[in-house]
file run-v8.pdb (PDB, C-alpha atoms and all ligand atoms)
ATOM      1  CA  MET A1019     199.125  74.320  95.597
ATOM      2  CA  ILE A1020     198.857  75.609  92.035
ATOM      3  CA  ILE A1021     195.909  77.974  91.463
ATOM      4  CA  SER A1022     196.558  78.740  87.807
ATOM      5  CA  GLU A1023     199.245  77.837  85.298
ATOM      6  CA  ARG A1024     199.714  79.593  81.976
ATOM      7  CA  PRO A1025     202.735  79.874  79.664
ATOM      8  CA  ASN A1026     203.787  83.208  81.189
ATOM      9  CA  SER A1027     202.271  83.121  84.643
ATOM     10  CA  LEU A1028     202.081  80.750  87.556
ATOM     11  CA  ILE A1029     199.823  81.453  90.531
ATOM     12  CA  THR A1030     200.261  79.414  93.691
ATOM     13  CA  LEU A1031     198.682  79.423  97.121
ATOM     14  CA  VAL A1032     201.341  79.898  99.793
ATOM     15  CA  GLU A1033     201.339  80.392 103.549
ATOM     16  CA  ASP A1034     203.105  83.454 104.896
ATOM     17  CA  LYS A1035     203.167  83.834 108.690
ATOM     18  CA  GLY A1036     200.010  81.789 108.961
ATOM     19  CA  GLN A1037     198.249  83.871 106.320
ATOM     20  CA  LYS A1038     197.080  82.446 102.983
ATOM     21  CA  ILE A1039     198.605  84.355 100.092
ATOM     22  CA  ALA A1040     198.294  84.108  96.318
ATOM     23  CA  MET A1041     201.705  84.380  94.671
ATOM     24  CA  LYS A1042     201.860  85.164  90.960
ATOM     25  CA  VAL A1043     205.150  84.742  89.117
ATOM     26  CA  ILE A1044     205.041  86.447  85.741
ATOM     27  CA  SER A1045     207.590  86.194  82.979
ATOM     28  CA  PRO A1046     207.637  88.609  80.071
ATOM     29  CA  SER A1047     206.193  87.614  76.723
ATOM     30  CA  GLU A1048     206.299  88.990  73.203
ATOM     31  CA  TRP A1049     204.109  91.964  74.091
ATOM     32  CA  MET A1050     204.424  92.066  77.894
ATOM     33  CA  THR A1051     207.865  93.421  78.607
ATOM     34  CA  ILE A1052     209.465  93.284  82.029
ATOM     35  CA  SER A1053     209.398  97.083  82.237
ATOM     36  CA  LEU A1054     205.657  97.182  81.473
ATOM     37  CA  LEU A1055     205.056  94.612  84.216
ATOM     38  CA  GLU A1056     207.243  96.453  86.685
ATOM     39  CA  GLN A1057     205.620  99.806  85.940
ATOM     40  CA  SER A1058     202.152  98.272  86.119
ATOM     41  CA  TYR A1059     202.631  96.998  89.660
ATOM     42  CA  LYS A1060     204.224 100.305  90.695
ATOM     43  CA  ASN A1061     201.039 101.957  89.451
ATOM     44  CA  VAL A1062     198.909  99.445  91.356
ATOM     45  CA  MET A1063     200.583 100.472  94.605
ATOM     46  CA  ASP A1064     199.549 104.104  93.974
ATOM     47  CA  ILE A1065     195.907 103.408  93.153
ATOM     48  CA  GLN A1066     193.028 103.357  95.610
ATOM     49  CA  CYS A1067     190.282 101.247  94.098
ATOM     50  CA  PRO A1068     187.867  99.228  96.220
ATOM     51  CA  TYR A1069     187.584  96.592  93.503
ATOM     52  CA  MET A1070     191.295  95.890  93.267
ATOM     53  CA  VAL A1071     192.751  92.774  94.881
ATOM     54  CA  LYS A1072     195.134  93.838  97.671
ATOM     55  CA  VAL A1073     198.738  93.607  96.491
ATOM     56  CA  LEU A1074     201.117  92.995  99.391
ATOM     57  CA  GLU A1075     204.531  92.816  97.755
ATOM     58  CA  VAL A1076     206.135  93.033  94.323
ATOM     59  CA  VAL A1077     209.637  91.745  93.677
ATOM     60  CA  LYS A1078     211.637  91.750  90.446
ATOM     61  CA  ARG A1079     213.976  88.783  90.267
ATOM     62  CA  TYR A1080     216.109  88.302  87.189
ATOM     63  CA  GLU A1081     213.569  88.407  84.367
ATOM     64  CA  THR A1082     210.447  87.681  86.399
ATOM     65  CA  ILE A1083     208.063  89.676  88.563
ATOM     66  CA  THR A1084     206.699  88.009  91.701
ATOM     67  CA  VAL A1085     203.523  89.475  93.150
ATOM     68  CA  LYS A1086     202.162  88.515  96.556
ATOM     69  CA  MET A1087     198.495  89.374  96.993
ATOM     70  CA  GLU A1088     195.590  88.535  99.232
ATOM     71  CA  TYR A1089     194.173  85.098  98.496
ATOM     72  CA  LEU A1090     190.551  85.432  97.484
ATOM     73  CA  GLU A1091     189.274  82.262  99.063
ATOM     74  CA  GLY A1092     186.017  80.886  97.716
ATOM     75  CA  TYR A1093     185.778  83.521  94.966
ATOM     76  CA  THR A1094     184.852  82.421  91.450
ATOM     77  CA  ARG A1095     185.592  83.928  88.081
ATOM     78  CA  MET A1096     182.878  86.016  86.463
ATOM     79  CA  GLU A1097     181.715  85.302  82.911
ATOM     80  CA  TYR A1098     181.931  87.355  79.717
ATOM     81  CA  ASP A1099     178.146  87.531  79.344
ATOM     82  CA  ASP A1100     177.435  88.459  82.963
ATOM     83  CA  ASN A1101     175.758  91.873  82.821
ATOM     84  CA  GLU A1102     176.738  92.791  86.362
ATOM     85  CA  ALA A1103     180.342  91.931  85.600
ATOM     86  CA  CYS A1104     180.284  94.061  82.434
ATOM     87  CA  GLU A1105     178.823  96.975  84.372
ATOM     88  CA  THR A1106     181.533  96.585  86.971
ATOM     89  CA  VAL A1107     184.241  96.532  84.307
ATOM     90  CA  LEU A1108     182.875  99.824  82.985
ATOM     91  CA  ASP A1109     182.802 101.358  86.454
ATOM     92  CA  ILE A1110     186.364 100.237  87.111
ATOM     93  CA  CYS A1111     187.590 101.600  83.767
ATOM     94  CA  GLN A1112     185.890 104.905  84.456
ATOM     95  CA  HIS A1113     187.323 105.115  87.972
ATOM     96  CA  LEU A1114     190.839 104.301  86.747
ATOM     97  CA  ALA A1115     190.572 106.694  83.805
ATOM     98  CA  ASP A1116     189.597 109.464  86.243
ATOM     99  CA  LEU A1117     192.784 108.676  88.151
ATOM    100  CA  GLY A1118     194.796 108.709  84.901
ATOM    101  CA  TYR A1119     195.195 104.987  84.297
ATOM    102  CA  VAL A1120     194.039 102.377  81.810
ATOM    103  CA  TRP A1121     193.550  98.699  82.595
ATOM    104  CA  LEU A1122     194.470  97.062  79.318
ATOM    105  CA  ASP A1123     193.172  93.666  80.388
ATOM    106  CA  ALA A1124     189.804  94.956  81.596
ATOM    107  CA  SER A1125     187.406  92.039  81.276
ATOM    108  CA  PRO A1126     184.760  90.198  83.295
ATOM    109  CA  ILE A1127     186.971  87.112  83.281
ATOM    110  CA  ASN A1128     189.555  89.025  85.289
ATOM    111  CA  LEU A1129     186.981  89.679  88.006
ATOM    112  CA  LEU A1130     186.436  87.289  90.894
ATOM    113  CA  GLU A1131     183.204  87.301  92.859
ATOM    114  CA  LYS A1132     181.933  85.972  96.172
ATOM    115  CA  ASP A1133     178.541  86.832  97.683
ATOM    116  CA  GLY A1134     178.317  90.016  95.617
ATOM    117  CA  ASP A1135     181.834  91.150  96.513
ATOM    118  CA  ILE A1136     183.774  91.732  93.302
ATOM    119  CA  LYS A1137     187.558  91.981  92.998
ATOM    120  CA  MET A1138     189.742  92.615  89.973
ATOM    121  CA  VAL A1139     192.737  90.349  89.534
ATOM    122  CA  ASP A1140     195.326  90.295  86.755
ATOM    123  CA  LEU A1141     196.842  93.724  87.321
ATOM    124  CA  ASP A1142     199.734  93.130  84.905
ATOM    125  CA  THR A1143     198.683  95.896  82.536
ATOM    126  CA  ILE A1144     197.714  98.975  84.536
ATOM    127  CA  VAL A1145     199.221 101.750  82.451
ATOM    128  CA  LYS A1146     199.368 105.507  82.983
ATOM    129  CA  ILE A1147     197.433 107.198  80.209
ATOM    130  CA  GLU A1148     200.364 109.566  79.627
ATOM    131  CA  ASP A1149     202.667 106.554  79.108
ATOM    132  CA  LEU A1150     200.502 104.818  76.551
ATOM    133  CA  PRO A1151     202.229 105.767  73.306
ATOM    134  CA  LYS A1152     205.626 104.537  74.406
ATOM    135  CA  LYS A1153     204.537 101.625  76.613
ATOM    136  CA  LEU A1154     201.970 100.053  74.369
ATOM    137  CA  GLU A1155     203.406  96.969  72.734
ATOM    138  CA  GLU A1156     200.131  95.381  71.659
ATOM    139  CA  PRO A1157     197.698  97.906  70.187
ATOM    140  CA  ASN A1158     194.803  95.423  70.157
ATOM    141  CA  LEU A1159     194.689  95.454  73.924
ATOM    142  CA  LEU A1160     193.719  99.102  73.820
ATOM    143  CA  LEU A1161     190.475  98.151  72.143
ATOM    144  CA  THR A1162     189.203  96.727  75.410
ATOM    145  CA  TRP A1163     189.610 100.085  77.040
ATOM    146  CA  TYR A1164     188.268 102.121  74.168
ATOM    147  CA  ALA A1165     185.319  99.775  73.799
ATOM    148  CA  SER A1166     184.390 100.149  77.443
ATOM    149  CA  ARG A1167     184.723 103.954  77.288
ATOM    150  CA  ILE A1168     182.565 104.082  74.171
ATOM    151  CA  ILE A1169     179.900 101.837  75.693
ATOM    152  CA  LYS A1170     179.891 104.032  78.789
ATOM    153  CA  LEU A1171     179.427 107.171  76.708
ATOM    154  CA  MET A1172     176.673 105.497  74.726
ATOM    155  CA  SER A1173     174.917 104.275  77.836
ATOM    156  CA  ASN A1174     175.007 107.830  79.204
ATOM    157  CA  GLY A1175     173.376 109.024  76.011
ATOM    158  CA  GLU A1176     176.383 111.233  75.246
ATOM    159  CA  ARG A1177     176.955 109.720  71.784
TER     160      ARG A1177
HETATM  161  N1  LIG B1201     194.421  86.694  94.484
HETATM  162  C1  LIG B1201     193.824  85.583  94.018
HETATM  163  N2  LIG B1201     193.129  84.776  94.853
HETATM  164  C2  LIG B1201     192.530  83.660  94.408
HETATM  165  N3  LIG B1201     192.559  83.233  93.125
HETATM  166  C3  LIG B1201     193.238  83.992  92.238
HETATM  167  C4  LIG B1201     193.902  85.198  92.626
HETATM  168  N4  LIG B1201     194.484  85.746  91.537
HETATM  169  C5  LIG B1201     194.197  84.926  90.523
HETATM  170  N5  LIG B1201     193.444  83.868  90.914
HETATM  171  C6  LIG B1201     192.949  82.752  90.069
HETATM  172  O1  LIG B1201     193.834  82.552  88.990
HETATM  173  C7  LIG B1201     193.177  82.797  87.737
HETATM  174  C8  LIG B1201     194.111  83.472  86.762
HETATM  175  O2  LIG B1201     194.527  84.721  87.297
HETATM  176  P1  LIG B1201     195.032  85.904  86.350
HETATM  177  O3  LIG B1201     195.697  86.894  87.234
HETATM  178  O4  LIG B1201     193.890  86.364  85.503
HETATM  179  O5  LIG B1201     196.124  85.150  85.486
HETATM  180  P2  LIG B1201     196.551  85.291  83.949
HETATM  181  O6  LIG B1201     197.584  86.375  83.909
HETATM  182  O7  LIG B1201     197.088  83.943  83.645
HETATM  183  O8  LIG B1201     195.320  85.655  83.151
HETATM  184  C9  LIG B1201     191.964  83.629  88.106
HETATM  185  O9  LIG B1201     190.904  83.455  87.181
HETATM  186  C10 LIG B1201     191.597  83.088  89.462
HETATM  187  O10 LIG B1201     190.859  81.896  89.344
HETATM  188 MG    MG B1202     193.700  86.895  83.431
END

call {"tool": "encode", "arguments": {"input": "run-v8.pdb", "output": "structure tokens", "more": "lines below"}}
Ligand SMILES: Nc1ncnc2c1ncn2[C@@H]1O[C@H](COP(=O)(O)OP(=O)(O)O)[C@@H](O)[C@H]1O
Ligand SMILES: [Mg+2]
result
Amino acid sequence: MIISERPNSLITLVEDKGQKIAMKVISPSEWMTISLLEQSYKNVMDIQCPYMVKVLEVVKRYETITVKMEYLEGYTRMEYDDNEACETVLDICQHLADLGYVWLDASPINLLEKDGDIKMVDLDTIVKIEDLPKKLEEPNLLLTWYASRIIKLMSNGER
């Protein structure tokens, strides 16, 4: 069954040894190179974050990356104007920044929620801060991260 279909990504629900799994096949685009994708999922495997969807397996095949992850059954996407979701995005960005990473696609619409349990999906752009200058192919994406850092600072009364 197809969960989501976009020009550069296809997410399907598959069964693996009786377990329901979400499988995302990603192909590179103008700004999302195969090496950025590969590095991003390597980073994901090194990060402990309670909000992150559990990634089970990452395979590079020809020019695509296939990611097997836990299927978040019954979860729904959060909305841009959901205050709780925005707060959670800020917390996640802060947590990742403390670990030395930036989530370039940080956004409430990449959070899924069920009964107050929130998980981040779309882990295609988890970048090491030290890698940013050479890995960044689309500078506008950085704005998401900077914006969330700035809002956090402002909300702490530090600016
Ligand atoms: N692990 C998952 N379990 C259940 N649904 C998922 C999962 N990952 C993604 N989805 C669904 O697919 C949609 C698109 O996922 P996302 O990773 O954001 O794709 P894209 O790269 O196309 O933005 C999500 O909004 C969600 O509805
Ligand atoms: Mg997305």

call {"tool": "resolve_selection", "arguments": {"input": "run-v8.pdb", "expression": "the PyMOL selection byres (((not hetatm)) within 10 of (chain B and resi 1202))", "output": "number ranges by chain"}}
result
A: 1022, 1024, 1027, 1095, 1123-1129, 1138-1142

call {"tool": "axis_aligned_box", "arguments": {"input": "run-v8.pdb", "around": "ligand LIG 1201 (chain B)", "padding_each_side": "8 Å", "output": "JSON"}}
result
{"center_x": 194.2, "center_y": 84.4, "center_z": 89.0, "size_x": 22.7, "size_y": 21.0, "size_z": 27.7}

call {"tool": "closest_residue", "arguments": {"input": "run-v8.pdb", "among": "A:Val1077, A:Val1062, A:Val1145, A:Met1041", "to": "ligand LIG 1201 (chain B)", "atoms": "all atoms listed in the file"}}
result
A:Met1041

call {"tool": "residues_around", "arguments": {"input": "run-v8.pdb", "residues": "Leu1090 (chain A)", "least_positions_apart": "3", "cutoff": "9 Å", "atoms": "all atoms listed in the file", "output": "list of chain:residue names"}}
result
A:Ile1039, A:Ala1040, A:Val1071, A:Met1087, A:Tyr1093, A:Thr1094, A:Leu1130, A:Glu1131, A:Lys1132, A:Lys1137

call {"tool": "resolve_selection", "arguments": {"input": "run-v8.pdb", "expression": "the PyMOL selection byres (((chain A and resi 1085) around 7) and not hetatm)", "output": "mmCIF file with C-alpha atoms, keeping the file's coordinate frame"}}
result
data_model
loop_
_atom_site.group_PDB
_atom_site.id
_atom_site.type_symbol
_atom_site.label_atom_id
_atom_site.label_comp_id
_atom_site.auth_asym_id
_atom_site.auth_seq_id
_atom_site.Cartn_x
_atom_site.Cartn_y
_atom_site.Cartn_z
ATOM 1 C CA MET A 1041 201.705 84.380 94.671
ATOM 2 C CA LYS A 1042 201.860 85.164 90.960
ATOM 3 C CA VAL A 1043 205.150 84.742 89.117
ATOM 4 C CA GLU A 1075 204.531 92.816 97.755
ATOM 5 C CA VAL A 1076 206.135 93.033 94.323
ATOM 6 C CA VAL A 1077 209.637 91.745 93.677
ATOM 7 C CA ILE A 1083 208.063 89.676 88.563
ATOM 8 C CA THR A 1084 206.699 88.009 91.701
ATOM 9 C CA LYS A 1086 202.162 88.515 96.556
ATOM 10 C CA MET A 1087 198.495 89.374 96.993
#

call {"tool": "resolve_selection", "arguments": {"input": "run-v8.pdb", "expression": "the PyMOL selection byres (((chain A and resi 1111) around 9) and not hetatm)", "output": "number ranges by chain"}}
result
A: 1106-1110, 1112-1116, 1119-1121, 1124, 1163, 1166-1167
